[in-house]
>>> print(open('work_33.cif').read())   # mmCIF, C-alpha atoms and all ligand atoms
data_structure
#
loop_
_atom_site.label_atom_id
_atom_site.label_comp_id
_atom_site.auth_asym_id
_atom_site.auth_seq_id
_atom_site.Cartn_x
_atom_site.Cartn_y
_atom_site.Cartn_z
CA MET A 1 0.00 0.00 0.00
CA THR A 2 1.44 3.41 -0.93
CA PRO A 3 1.65 6.00 1.86
CA ARG A 4 -1.01 8.04 0.11
CA ASN A 5 -3.40 5.10 0.15
CA ALA A 6 -2.53 4.42 3.77
CA VAL A 7 -3.53 7.96 4.70
CA THR A 8 -6.76 7.72 2.76
CA LYS A 9 -7.55 4.37 4.37
CA ALA A 10 -6.90 5.64 7.90
CA LEU A 11 -8.98 8.76 7.29
CA THR A 12 -11.91 6.75 6.03
CA ASP A 13 -11.99 4.70 9.24
CA LYS A 14 -13.54 7.69 10.97
CA THR A 15 -14.46 10.91 9.23
CA CYS A 16 -13.74 14.37 10.64
CA LYS A 17 -17.46 14.66 11.28
CA GLU A 18 -17.44 11.50 13.38
CA ILE A 19 -14.31 12.64 15.18
CA THR A 20 -16.02 15.93 16.06
CA ASP A 21 -18.92 13.98 17.57
CA LEU A 22 -16.47 11.99 19.69
CA ILE A 23 -14.61 14.98 21.17
CA PHE A 24 -16.90 15.16 24.20
CA GLY A 25 -16.32 11.52 25.08
CA TYR A 26 -12.61 11.83 24.40
CA LEU A 27 -12.17 14.76 26.78
CA ASN A 28 -14.22 13.03 29.47
CA ASP A 29 -12.31 9.81 28.92
CA THR A 30 -15.44 7.80 28.33
CA LEU A 31 -14.62 6.36 24.89
CA SER A 32 -14.11 2.61 24.60
CA PRO A 33 -10.44 1.67 24.08
CA SER A 34 -10.97 0.82 20.41
CA VAL A 35 -12.85 4.04 19.63
CA ARG A 36 -10.23 6.01 21.53
CA ARG A 37 -7.56 4.34 19.41
CA ASP A 38 -9.43 5.28 16.21
CA PHE A 39 -9.80 8.83 17.51
CA LYS A 40 -6.09 9.22 18.24
CA ARG A 41 -5.10 7.58 14.97
CA HIS A 42 -7.22 10.09 13.08
CA LEU A 43 -5.61 12.97 14.97
CA ARG A 44 -2.15 11.75 14.01
CA ILE A 45 -2.91 12.29 10.34
CA CYS A 46 -5.49 15.10 10.36
CA SER A 47 -4.26 18.55 11.38
CA ASP A 48 -7.77 19.98 10.84
CA CYS A 49 -9.14 17.81 13.64
CA VAL A 50 -6.13 18.54 15.87
CA ASN A 51 -6.71 22.27 15.43
CA PHE A 52 -10.43 21.85 15.95
CA LEU A 53 -9.82 19.93 19.18
CA HIS A 54 -7.45 22.65 20.47
CA THR A 55 -10.01 25.38 19.87
CA TYR A 56 -12.83 23.30 21.39
CA LYS A 57 -10.76 22.79 24.53
CA LYS A 58 -9.85 26.46 24.61
CA ALA A 59 -13.51 27.53 24.45
CA ALA A 60 -14.34 25.10 27.28
CA SER A 61 -11.48 26.36 29.43
CA VAL A 62 -12.49 30.01 28.96
CA THR A 63 -16.06 29.07 29.95
CA ARG A 64 -14.81 27.39 33.10
CA SER A 65 -12.70 30.43 33.95
CA ILE A 66 -15.68 32.79 34.08
CA ARG A 67 -15.67 34.21 37.57
CA PRO A 68 -18.70 33.51 39.75
CA GLU A 69 -21.31 36.21 40.04
CA GLU A 70 -21.06 37.47 43.61
CA ILE A 71 -24.17 38.21 45.58
CA PRO A 72 -24.11 41.93 46.40
CA LEU A 73 -24.30 42.76 50.09
CA LYS A 74 -27.45 44.82 49.55
CA VAL A 75 -29.16 41.89 47.81
CA ARG A 76 -28.19 39.58 50.69
CA HIS A 77 -29.73 42.00 53.16
CA ASN A 78 -32.86 42.42 51.05
CA ILE A 79 -33.42 38.68 50.85
CA LEU A 80 -32.79 38.10 54.55
CA ASP A 81 -35.19 40.94 55.40
CA PHE A 82 -37.79 39.40 53.11
CA LEU A 83 -37.38 35.95 54.66
CA ARG A 84 -37.55 37.29 58.22
CA GLY A 85 -40.66 39.28 57.32
CA GLN A 86 -42.34 36.25 55.76
CA MET A 87 -41.44 34.03 58.73
CA ARG A 88 -42.83 36.59 61.16
CA LYS A 89 -46.04 36.84 59.11
CA SER A 90 -46.47 33.09 58.87
CA GLY A 91 -45.75 32.85 62.62
CA THR A 92 -48.61 35.25 63.41
CA ASP A 93 -50.93 33.57 60.88
CA SER A 94 -50.68 30.15 62.49
CA MET B 1 -44.78 27.17 40.56
CA LEU B 2 -41.32 25.69 40.68
CA ALA B 3 -42.30 22.41 39.12
CA TYR B 4 -39.78 19.84 38.01
CA ARG B 5 -39.72 20.18 34.26
CA SER B 6 -39.26 17.47 31.70
CA MET B 7 -37.88 18.30 28.28
CA THR B 8 -39.39 17.09 25.04
CA ASP B 9 -36.17 16.22 23.25
CA GLN B 10 -34.56 14.20 26.00
CA ASN B 11 -33.94 11.18 23.85
CA CYS B 12 -31.72 12.73 21.22
CA SER B 13 -28.19 11.42 21.17
CA VAL B 14 -24.98 11.87 19.27
CA GLU B 15 -23.24 8.85 17.86
CA GLY B 16 -20.57 7.64 20.23
CA LEU B 17 -21.90 9.56 23.21
CA SER B 18 -24.17 6.90 24.65
CA ALA B 19 -23.57 3.95 26.95
CA MET B 20 -20.50 5.34 28.60
CA PRO B 21 -18.87 3.91 31.67
CA GLN B 22 -18.29 6.73 34.18
CA MET B 23 -14.87 7.52 35.64
CA PRO B 24 -13.02 10.37 34.01
CA ALA B 25 -9.33 9.67 34.57
CA VAL B 26 -7.57 12.27 32.43
CA SER B 27 -10.66 14.43 32.28
CA ILE B 28 -10.28 18.18 31.88
CA PHE B 29 -13.24 18.41 34.22
CA PRO B 30 -13.17 18.08 38.05
CA SER B 31 -12.68 14.61 39.49
CA ALA B 32 -15.91 12.78 40.18
CA THR B 33 -14.57 11.35 43.45
CA ALA B 34 -13.57 14.73 44.85
CA ARG B 35 -16.95 16.07 43.87
CA LEU B 36 -18.74 13.21 45.60
CA ASN B 37 -16.72 13.59 48.79
CA ARG B 38 -17.45 17.30 48.94
CA LYS B 39 -21.11 16.62 48.42
CA ARG B 40 -21.31 13.88 51.04
CA LYS B 41 -19.69 16.15 53.59
CA ALA B 42 -22.13 18.98 52.85
CA GLU B 43 -25.08 16.62 53.11
CA PHE B 44 -23.90 15.23 56.42
CA ASP B 45 -23.58 18.75 57.79
CA ASP B 46 -27.07 19.63 56.56
CA THR B 47 -28.86 16.90 58.53
CA ASP B 48 -29.24 18.84 61.74
CA LEU B 49 -30.21 22.03 59.92
CA ILE B 50 -32.92 20.28 57.94
CA GLU B 51 -34.45 18.81 61.07
CA ARG B 52 -34.56 22.27 62.60
CA LEU B 53 -35.95 23.72 59.39
CA LYS B 54 -38.74 21.14 59.46
CA ALA B 55 -39.57 22.29 62.97
CA GLY B 56 -39.92 25.83 61.65
CA ASP B 57 -36.67 27.12 63.15
CA GLU B 58 -35.97 30.53 61.61
CA GLN B 59 -32.27 30.45 62.57
CA ALA B 60 -31.92 27.24 60.58
CA LEU B 61 -33.22 28.96 57.46
CA GLU B 62 -30.67 31.72 57.91
CA ALA B 63 -27.91 29.16 58.38
CA ILE B 64 -28.96 27.36 55.21
CA PHE B 65 -29.14 30.69 53.43
CA ASN B 66 -25.60 31.49 54.53
CA ARG B 67 -24.41 28.10 53.34
CA TYR B 68 -25.99 28.04 49.90
CA SER B 69 -26.95 31.54 48.82
CA ALA B 70 -23.64 32.46 47.17
CA LYS B 71 -23.58 29.34 45.00
CA LEU B 72 -27.27 29.46 44.14
CA TYR B 73 -27.07 33.17 43.35
CA ASN B 74 -24.28 32.54 40.88
CA VAL B 75 -26.21 29.72 39.19
CA ALA B 76 -29.38 31.80 38.98
CA GLN B 77 -27.63 34.92 37.73
CA ARG B 78 -25.68 33.01 35.08
CA ILE B 79 -28.86 31.37 33.79
CA LEU B 80 -30.75 34.66 33.88
CA GLY B 81 -27.95 36.59 32.19
CA GLU B 82 -29.23 40.05 31.31
CA VAL B 83 -32.86 38.99 31.63
CA ALA B 84 -33.27 39.86 35.30
CA ASP B 85 -31.57 40.12 38.64
CA ALA B 86 -31.36 36.86 40.56
CA GLU B 87 -32.63 38.43 43.79
CA GLU B 88 -36.28 37.45 43.33
CA VAL B 89 -35.41 33.90 42.31
CA ILE B 90 -33.19 33.38 45.34
CA GLN B 91 -35.69 34.81 47.76
CA ASP B 92 -38.42 32.55 46.34
CA VAL B 93 -36.16 29.51 46.56
CA PHE B 94 -35.38 29.98 50.25
CA TRP B 95 -38.93 30.84 51.14
CA THR B 96 -40.12 27.71 49.33
CA ALA B 97 -37.47 25.68 51.16
CA PHE B 98 -38.81 26.96 54.48
CA ARG B 99 -42.46 26.35 53.65
CA LYS B 100 -41.92 22.94 52.07
CA ALA B 101 -39.22 21.69 54.44
CA LYS B 102 -41.55 19.06 55.86
CA SER B 103 -41.77 17.33 52.50
CA PHE B 104 -38.05 16.43 52.53
CA ARG B 105 -37.43 12.74 52.99
CA GLY B 106 -33.92 12.27 54.30
CA THR B 107 -31.07 14.62 53.60
CA ALA B 108 -29.51 13.00 50.56
CA GLN B 109 -31.13 15.26 48.00
CA PHE B 110 -31.33 18.44 49.99
CA SER B 111 -28.69 20.43 48.12
CA THR B 112 -29.93 18.91 44.86
CA TRP B 113 -33.42 20.06 45.73
CA LEU B 114 -32.25 23.63 46.37
CA TYR B 115 -30.34 23.66 43.09
CA ARG B 116 -33.33 22.27 41.27
CA LEU B 117 -35.65 24.92 42.67
CA THR B 118 -33.14 27.57 41.63
CA VAL B 119 -32.56 26.25 38.12
CA ASN B 120 -36.26 25.81 37.42
CA ALA B 121 -37.18 29.23 38.74
CA ALA B 122 -34.42 30.90 36.71
CA LEU B 123 -35.29 28.89 33.59
CA GLY B 124 -38.95 29.82 33.89
CA LYS B 125 -38.06 33.47 34.16
CA VAL B 126 -35.78 33.37 31.11
CA ARG B 127 -38.38 31.53 29.03
CA ARG B 128 -41.06 34.05 29.90
CA SER B 129 -38.81 37.03 29.22
CA LYS B 130 -38.83 39.01 26.02
CA LYS B 131 -35.17 39.76 26.65
CA ASN B 132 -34.22 36.14 26.01
CA LYS B 133 -31.41 36.39 23.47
CA GLU B 134 -31.10 32.82 22.26
CA VAL B 135 -30.05 32.41 18.64
CA GLU B 136 -30.01 29.62 16.04
CA TYR B 137 -26.85 27.57 16.53
CA GLU B 138 -26.46 26.58 12.90
CA ASP B 139 -24.19 29.46 11.85
CA TYR B 140 -21.72 28.68 14.60
CA LEU B 141 -21.52 24.90 14.39
CA PRO B 142 -18.87 23.05 12.38
CA LYS B 143 -19.83 22.10 8.82
CA PHE B 144 -18.70 19.07 6.87
CA GLN B 145 -18.44 18.01 3.26
CA GLN B 146 -20.29 14.97 1.95
CA ASP B 147 -17.25 12.80 2.56
CA GLY B 148 -17.08 13.91 6.21
CA HIS B 149 -14.14 16.32 5.93
CA HIS B 150 -14.31 19.78 7.48
CA SER B 151 -15.96 22.03 4.90
CA VAL B 152 -13.59 24.97 5.44
CA ARG B 153 -9.96 23.90 5.39
CA PRO B 154 -7.51 24.30 6.85
CA VAL B 155 -9.14 24.60 10.28
CA VAL B 156 -7.20 27.33 12.09
CA ASP B 157 -5.90 26.77 15.61
CA TRP B 158 -6.56 30.14 17.22
CA SER B 159 -6.37 28.85 20.80
CA ASP B 160 -3.11 30.66 21.57
CA THR B 161 -4.00 33.93 19.84
CA LEU B 162 -7.13 34.34 21.96
CA ASP B 163 -5.22 35.37 25.09
CA GLU B 164 -2.91 37.62 23.05
CA LYS B 165 -5.79 39.40 21.40
CA TYR B 166 -8.08 39.94 24.34
CA ALA B 167 -7.62 41.07 27.90
CA GLU B 168 -9.08 38.63 30.43
CA ARG B 169 -12.02 40.92 31.14
CA GLU B 170 -12.88 41.25 27.46
CA LEU B 171 -12.68 37.51 26.99
CA GLN B 172 -14.97 36.86 29.94
CA GLN B 173 -17.49 39.37 28.61
CA LEU B 174 -17.32 37.79 25.18
CA LEU B 175 -18.07 34.40 26.65
CA LYS B 176 -20.86 35.74 28.87
CA ASP B 177 -22.53 37.30 25.83
CA ALA B 178 -22.19 34.03 23.93
CA LEU B 179 -23.60 32.09 26.91
CA ASP B 180 -26.66 34.33 26.86
CA GLN B 181 -27.31 33.25 23.27
CA LEU B 182 -27.57 29.59 24.21
CA LYS B 183 -30.95 27.95 24.60
CA PRO B 184 -31.87 28.35 28.29
CA VAL B 185 -31.62 24.61 29.05
CA ASP B 186 -28.23 24.35 27.34
CA LYS B 187 -27.00 27.39 29.22
CA SER B 188 -28.14 25.78 32.48
CA ALA B 189 -26.28 22.58 31.61
CA ILE B 190 -23.10 24.54 30.86
CA VAL B 191 -23.38 26.54 34.10
CA LEU B 192 -23.93 23.40 36.20
CA SER B 193 -21.16 21.49 34.46
CA ASP B 194 -18.45 24.07 33.88
CA MET B 195 -19.06 26.40 36.79
CA GLU B 196 -20.52 24.13 39.46
CA GLY B 197 -18.55 21.02 38.50
CA MET B 198 -21.61 18.77 38.51
CA SER B 199 -21.55 15.38 36.82
CA ASP B 200 -23.64 14.72 33.71
CA LYS B 201 -25.84 12.47 35.86
CA GLU B 202 -26.49 15.21 38.42
CA ILE B 203 -27.29 17.66 35.64
CA ALA B 204 -29.69 15.14 34.12
CA VAL B 205 -31.61 14.94 37.41
CA MET B 206 -31.55 18.70 37.75
CA LEU B 207 -32.92 19.38 34.26
CA GLY B 208 -35.18 16.37 33.83
CA LEU B 209 -33.15 15.02 30.92
CA THR B 210 -31.52 11.70 30.16
CA VAL B 211 -27.76 11.55 30.72
CA SER B 212 -27.21 11.08 27.01
CA ALA B 213 -29.32 14.16 26.25
CA VAL B 214 -27.19 16.14 28.73
CA LYS B 215 -24.00 15.03 26.97
CA THR B 216 -25.46 15.97 23.59
CA ARG B 217 -26.56 19.38 24.81
CA LEU B 218 -23.25 20.11 26.51
CA HIS B 219 -21.36 19.13 23.37
CA ARG B 220 -23.51 21.25 21.06
CA ALA B 221 -23.32 24.19 23.44
CA ARG B 222 -19.52 23.91 23.56
CA LEU B 223 -19.40 23.71 19.77
CA PHE B 224 -21.53 26.84 19.62
CA LEU B 225 -19.35 28.73 22.12
CA ARG B 226 -16.27 27.66 20.19
CA GLY B 227 -17.89 28.87 16.98
CA LYS B 228 -18.73 32.24 18.52
CA LEU B 229 -15.09 32.72 19.56
CA ALA B 230 -13.85 31.62 16.13
CA VAL B 231 -16.12 34.06 14.31
CA HIS B 232 -15.15 36.82 16.71
CA LEU B 233 -11.52 36.26 15.82
CA GLY B 234 -12.36 36.51 12.13
CA HIS B 235 -12.22 32.78 11.40
CA SER B 236 -14.86 30.42 10.12
CA ALA B 237 -16.90 28.56 12.74
CA ALA B 238 -16.60 25.54 10.49
ZN ZN C 1 -10.14 15.07 10.64
#
>>> encode(input="work_33.cif", output="structure tokens")
Amino acid sequence: MTPRNAVTKALTDKTCKEITDLIFGYLNDTLSPSVRRDFKRHLRICSDCVNFLHTYKKAASVTRSIRPEEIPLKVRHNILDFLRGQMRKSGTDS
Amino acid sequence: MLAYRSMTDQNCSVEGLSAMPQMPAVSIFPSATARLNRKRKAEFDDTDLIERLKAGDEQALEAIFNRYSAKLYNVAQRILGEVADAEEVIQDVFWTAFRKAKSFRGTAQFSTWLYRLTVNAALGKVRRSKKNKEVEYEDYLPKFQQDGHHSVRPVVDWSDTLDEKYAERELQQLLKDALDQLKPVDKSAIVLSDMEGMSDKEIAVMLGLTVSAVKTRLHRARLFLRGKLAVHLGHSAA
């Protein structure tokens, strides 16, 4: 088999589309060993999928780095006041 | 009001994403074991508080508020985005917890229950709002040729240029805006997974979806967010 044919053969095992569908499982390490092998073999010969994977991971890491929305002190006080008021009311009702 | 909601498309799945044994070893996401230990500890500590809450102890409600309000506020505000302030949602959640405390059976699902109340209340608010900014994903998802190759080639790796091009603040804002364009359920899944470190199974319970539907939604949402960043950098989303 010529190298060119070898590349074509390996690429046809899984298409880039199929590889894209498998990224989630790959990153969570939930692919079966044989599928994982196919995935990695495809990446060895397909720079498009390597680049796609890098950018997918980057987007996920930026999402995870978003800082939590902090509860403003005033909002905390408002909610506690509301809850205390409601509890007092329900206490008098019963 | 804060009913547990079931989605209509919970059975959709992506090839290769179903029937997965759990146990992420080299996962880029937080370890499942660490998560479980943290959760068990929190639940153990809640037992006494829940008993007091059931007895109508007001101090217990304040203690529970102090324990969970920061986390729940973040979840609610992220899901709400620009739609509304999370204040009303959070106040309803804790008031509901107080009134319905007697209906808890055991402590195992207490934190889950609080999260679920929060997510459902925030989701309901987003869905009812005219400010909901969700967009069609199609333009930002990868495209493929008939033979399965990427339709726009070469695919550019812009992962390193992102930090060079944008200050951290700008990047965060960019992502927040993109998050707001996700379908509300997908946004909730992303918030619970990427910001709260919940497992796909926990998210499934929270959103009334199958685990495989959660995986599918998370994957599509991440593809969309990736596409938004790509387009912003002047590249093709494909
Ligand atoms: Zn490929």
>>> residues_around(input="work_33.cif", residues="range 135-145 of chain B", least_positions_apart="3", cutoff="8 Å", atoms="all atoms listed in the file", output="PDB file with C-alpha atoms, in the frame of the given file")
ATOM      1  CA  CYS A  16     -13.740  14.370  10.640  1.00  0.00           C
ATOM      2  CA  LYS A  17     -17.460  14.660  11.280  1.00  0.00           C
TER       3      LYS A  17
ATOM      4  CA  GLY B 148     -17.080  13.910   6.210  1.00  0.00           C
ATOM      5  CA  HIS B 149     -14.140  16.320   5.930  1.00  0.00           C
ATOM      6  CA  HIS B 150     -14.310  19.780   7.480  1.00  0.00           C
ATOM      7  CA  SER B 151     -15.960  22.030   4.900  1.00  0.00           C
ATOM      8  CA  VAL B 152     -13.590  24.970   5.440  1.00  0.00           C
ATOM      9  CA  GLN B 181     -27.310  33.250  23.270  1.00  0.00           C
ATOM     10  CA  LEU B 182     -27.570  29.590  24.210  1.00  0.00           C
ATOM     11  CA  LYS B 183     -30.950  27.950  24.600  1.00  0.00           C
ATOM     12  CA  ARG B 220     -23.510  21.250  21.060  1.00  0.00           C
ATOM     13  CA  LEU B 223     -19.400  23.710  19.770  1.00  0.00           C
ATOM     14  CA  PHE B 224     -21.530  26.840  19.620  1.00  0.00           C
ATOM     15  CA  LEU B 225     -19.350  28.730  22.120  1.00  0.00           C
ATOM     16  CA  ARG B 226     -16.270  27.660  20.190  1.00  0.00           C
ATOM     17  CA  GLY B 227     -17.890  28.870  16.980  1.00  0.00           C
ATOM     18  CA  LYS B 228     -18.730  32.240  18.520  1.00  0.00           C
ATOM     19  CA  VAL B 231     -16.120  34.060  14.310  1.00  0.00           C
ATOM     20  CA  ALA B 237     -16.900  28.560  12.740  1.00  0.00           C
ATOM     21  CA  ALA B 238     -16.600  25.540  10.490  1.00  0.00           C
TER      22      ALA B 238
END
>>> closest_atom_pairs(input="work_33.cif", of="chain A", to="ligand ZN 1 (chain C)", cutoff="8 Å", atoms="only C-alpha atoms and all ligand atoms", output="JSON lines")
{"residue": "A:Leu11", "atom": "CA", "partner": "C:ZN1", "partner_atom": "ZN", "distance": 7.2}
{"residue": "A:Thr15", "atom": "CA", "partner": "C:ZN1", "partner_atom": "ZN", "distance": 6.2}
{"residue": "A:Cys16", "atom": "CA", "partner": "C:ZN1", "partner_atom": "ZN", "distance": 3.7}
{"residue": "A:Lys17", "atom": "CA", "partner": "C:ZN1", "partner_atom": "ZN", "distance": 7.4}
{"residue": "A:Ile19", "atom": "CA", "partner": "C:ZN1", "partner_atom": "ZN", "distance": 6.6}
{"residue": "A:His42", "atom": "CA", "partner": "C:ZN1", "partner_atom": "ZN", "distance": 6.3}
{"residue": "A:Leu43", "atom": "CA", "partner": "C:ZN1", "partner_atom": "ZN", "distance": 6.6}
{"residue": "A:Ile45", "atom": "CA", "partner": "C:ZN1", "partner_atom": "ZN", "distance": 7.8}
{"residue": "A:Cys46", "atom": "CA", "partner": "C:ZN1", "partner_atom": "ZN", "distance": 4.7}
{"residue": "A:Ser47", "atom": "CA", "partner": "C:ZN1", "partner_atom": "ZN", "distance": 6.9}
{"residue": "A:Asp48", "atom": "CA", "partner": "C:ZN1", "partner_atom": "ZN", "distance": 5.5}
{"residue": "A:Cys49", "atom": "CA", "partner": "C:ZN1", "partner_atom": "ZN", "distance": 4.2}
{"residue": "A:Val50", "atom": "CA", "partner": "C:ZN1", "partner_atom": "ZN", "distance": 7.4}
>>> residues_around(input="work_33.cif", residues="Ala101 in chain B", least_positions_apart="3", cutoff="10 Å", atoms="all atoms listed in the file", output="list in words")
Ile50, Glu51, Arg52, Leu53, Lys54, Ala55, Gly56, Leu61, Trp95, Thr96, Ala97, Phe98, Phe104, Arg105 and Phe110 of chain B
>>> interface_residues(input="work_33.cif", of="chain A", to="chain B", cutoff="9 Å", atoms="only C-alpha atoms", output="PyMOL selection string")
chain A and resi 12+14-18+20-32+35+47-71+75-76+78-80+82-84+86-87
>>> closest_atom_pairs(input="work_33.cif", of="range 121-215 of chain B", to="range 111-116 of chain B", cutoff="12 Å", atoms="only C-alpha atoms", output="JSON lines")
{"residue": "B:Ala121", "atom": "CA", "partner": "B:Arg116", "partner_atom": "CA", "distance": 8.3}
{"residue": "B:Ala122", "atom": "CA", "partner": "B:Arg116", "partner_atom": "CA", "distance": 9.8}
{"residue": "B:Leu123", "atom": "CA", "partner": "B:Arg116", "partner_atom": "CA", "distance": 10.3}
{"residue": "B:Gly124", "atom": "CA", "partner": "B:Arg116", "partner_atom": "CA", "distance": 12.0}
{"residue": "B:Ser188", "atom": "CA", "partner": "B:Arg116", "partner_atom": "CA", "distance": 10.8}
{"residue": "B:Ala189", "atom": "CA", "partner": "B:Arg116", "partner_atom": "CA", "distance": 12.0}
{"residue": "B:Val191", "atom": "CA", "partner": "B:Tyr115", "partner_atom": "CA", "distance": 11.7}
{"residue": "B:Leu192", "atom": "CA", "partner": "B:Tyr115", "partner_atom": "CA", "distance": 9.4}
{"residue": "B:Glu196", "atom": "CA", "partner": "B:Tyr115", "partner_atom": "CA", "distance": 10.5}
{"residue": "B:Met198", "atom": "CA", "partner": "B:Thr112", "partner_atom": "CA", "distance": 10.5}
{"residue": "B:Lys201", "atom": "CA", "partner": "B:Thr112", "partner_atom": "CA", "distance": 11.8}
{"residue": "B:Glu202", "atom": "CA", "partner": "B:Thr112", "partner_atom": "CA", "distance": 8.2}
{"residue": "B:Ile203", "atom": "CA", "partner": "B:Arg116", "partner_atom": "CA", "distance": 9.5}
{"residue": "B:Ala204", "atom": "CA", "partner": "B:Arg116", "partner_atom": "CA", "distance": 10.7}
{"residue": "B:Val205", "atom": "CA", "partner": "B:Arg116", "partner_atom": "CA", "distance": 8.5}
{"residue": "B:Met206", "atom": "CA", "partner": "B:Arg116", "partner_atom": "CA", "distance": 5.3}
{"residue": "B:Leu207", "atom": "CA", "partner": "B:Arg116", "partner_atom": "CA", "distance": 7.6}
{"residue": "B:Gly208", "atom": "CA", "partner": "B:Arg116", "partner_atom": "CA", "distance": 9.7}
>>> write_last_selection(input="work_33.cif", atoms="C-alpha atoms", output="mmCIF file, in the frame of the given file")
data_model
loop_
_atom_site.group_PDB
_atom_site.id
_atom_site.type_symbol
_atom_site.label_atom_id
_atom_site.label_comp_id
_atom_site.auth_asym_id
_atom_site.auth_seq_id
_atom_site.Cartn_x
_atom_site.Cartn_y
_atom_site.Cartn_z
ATOM 1 C CA ALA B 121 -37.180 29.230 38.740
ATOM 2 C CA ALA B 122 -34.420 30.900 36.710
ATOM 3 C CA LEU B 123 -35.290 28.890 33.590
ATOM 4 C CA GLY B 124 -38.950 29.820 33.890
ATOM 5 C CA SER B 188 -28.140 25.780 32.480
ATOM 6 C CA ALA B 189 -26.280 22.580 31.610
ATOM 7 C CA VAL B 191 -23.380 26.540 34.100
ATOM 8 C CA LEU B 192 -23.930 23.400 36.200
ATOM 9 C CA GLU B 196 -20.520 24.130 39.460
ATOM 10 C CA MET B 198 -21.610 18.770 38.510
ATOM 11 C CA LYS B 201 -25.840 12.470 35.860
ATOM 12 C CA GLU B 202 -26.490 15.210 38.420
ATOM 13 C CA ILE B 203 -27.290 17.660 35.640
ATOM 14 C CA ALA B 204 -29.690 15.140 34.120
ATOM 15 C CA VAL B 205 -31.610 14.940 37.410
ATOM 16 C CA MET B 206 -31.550 18.700 37.750
ATOM 17 C CA LEU B 207 -32.920 19.380 34.260
ATOM 18 C CA GLY B 208 -35.180 16.370 33.830
#
>>> build_atoms(input="work_33.cif", residues="range 36-50 of chain A", atoms="N, CA and C atoms", output="PDB file, in the frame of the given file")
ATOM      1  N   ARG A  36     -11.265   5.052  21.149  1.00  0.00           N
ATOM      2  CA  ARG A  36     -10.230   6.010  21.530  1.00  0.00           C
ATOM      3  C   ARG A  36      -9.007   5.857  20.621  1.00  0.00           C
ATOM      4  N   ARG A  37      -8.678   4.611  20.311  1.00  0.00           N
ATOM      5  CA  ARG A  37      -7.560   4.340  19.410  1.00  0.00           C
ATOM      6  C   ARG A  37      -7.832   4.942  18.036  1.00  0.00           C
ATOM      7  N   ASP A  38      -9.049   4.712  17.517  1.00  0.00           N
ATOM      8  CA  ASP A  38      -9.430   5.280  16.210  1.00  0.00           C
ATOM      9  C   ASP A  38      -9.322   6.804  16.245  1.00  0.00           C
ATOM     10  N   PHE A  39      -9.801   7.362  17.343  1.00  0.00           N
ATOM     11  CA  PHE A  39      -9.800   8.830  17.510  1.00  0.00           C
ATOM     12  C   PHE A  39      -8.361   9.346  17.410  1.00  0.00           C
ATOM     13  N   LYS A  40      -7.483   8.744  18.192  1.00  0.00           N
ATOM     14  CA  LYS A  40      -6.090   9.220  18.240  1.00  0.00           C
ATOM     15  C   LYS A  40      -5.376   8.972  16.908  1.00  0.00           C
ATOM     16  N   ARG A  41      -5.720   7.874  16.266  1.00  0.00           N
ATOM     17  CA  ARG A  41      -5.100   7.580  14.970  1.00  0.00           C
ATOM     18  C   ARG A  41      -5.501   8.658  13.948  1.00  0.00           C
ATOM     19  N   HIS A  42      -6.749   9.043  13.984  1.00  0.00           N
ATOM     20  CA  HIS A  42      -7.220  10.090  13.080  1.00  0.00           C
ATOM     21  C   HIS A  42      -6.464  11.402  13.352  1.00  0.00           C
ATOM     22  N   LEU A  43      -6.301  11.717  14.625  1.00  0.00           N
ATOM     23  CA  LEU A  43      -5.610  12.970  14.970  1.00  0.00           C
ATOM     24  C   LEU A  43      -4.162  12.983  14.486  1.00  0.00           C
ATOM     25  N   ARG A  44      -3.557  11.816  14.455  1.00  0.00           N
ATOM     26  CA  ARG A  44      -2.150  11.750  14.010  1.00  0.00           C
ATOM     27  C   ARG A  44      -2.004  12.170  12.558  1.00  0.00           C
ATOM     28  N   ILE A  45      -3.052  11.986  11.769  1.00  0.00           N
ATOM     29  CA  ILE A  45      -2.910  12.290  10.340  1.00  0.00           C
ATOM     30  C   ILE A  45      -3.797  13.451   9.885  1.00  0.00           C
ATOM     31  N   CYS A  46      -4.570  14.039  10.792  1.00  0.00           N
ATOM     32  CA  CYS A  46      -5.490  15.100  10.360  1.00  0.00           C
ATOM     33  C   CYS A  46      -5.269  16.363  11.198  1.00  0.00           C
ATOM     34  N   SER A  47      -4.547  17.321  10.622  1.00  0.00           N
ATOM     35  CA  SER A  47      -4.260  18.550  11.380  1.00  0.00           C
ATOM     36  C   SER A  47      -5.542  19.375  11.584  1.00  0.00           C
ATOM     37  N   ASP A  48      -6.504  19.241  10.669  1.00  0.00           N
ATOM     38  CA  ASP A  48      -7.770  19.980  10.840  1.00  0.00           C
ATOM     39  C   ASP A  48      -8.439  19.579  12.164  1.00  0.00           C
ATOM     40  N   CYS A  49      -8.484  18.271  12.413  1.00  0.00           N
ATOM     41  CA  CYS A  49      -9.140  17.810  13.640  1.00  0.00           C
ATOM     42  C   CYS A  49      -8.309  18.148  14.884  1.00  0.00           C
ATOM     43  N   VAL A  50      -6.979  18.138  14.742  1.00  0.00           N
ATOM     44  CA  VAL A  50      -6.130  18.540  15.870  1.00  0.00           C
ATOM     45  C   VAL A  50      -6.429  19.991  16.223  1.00  0.00           C
TER      46      VAL A  50
END
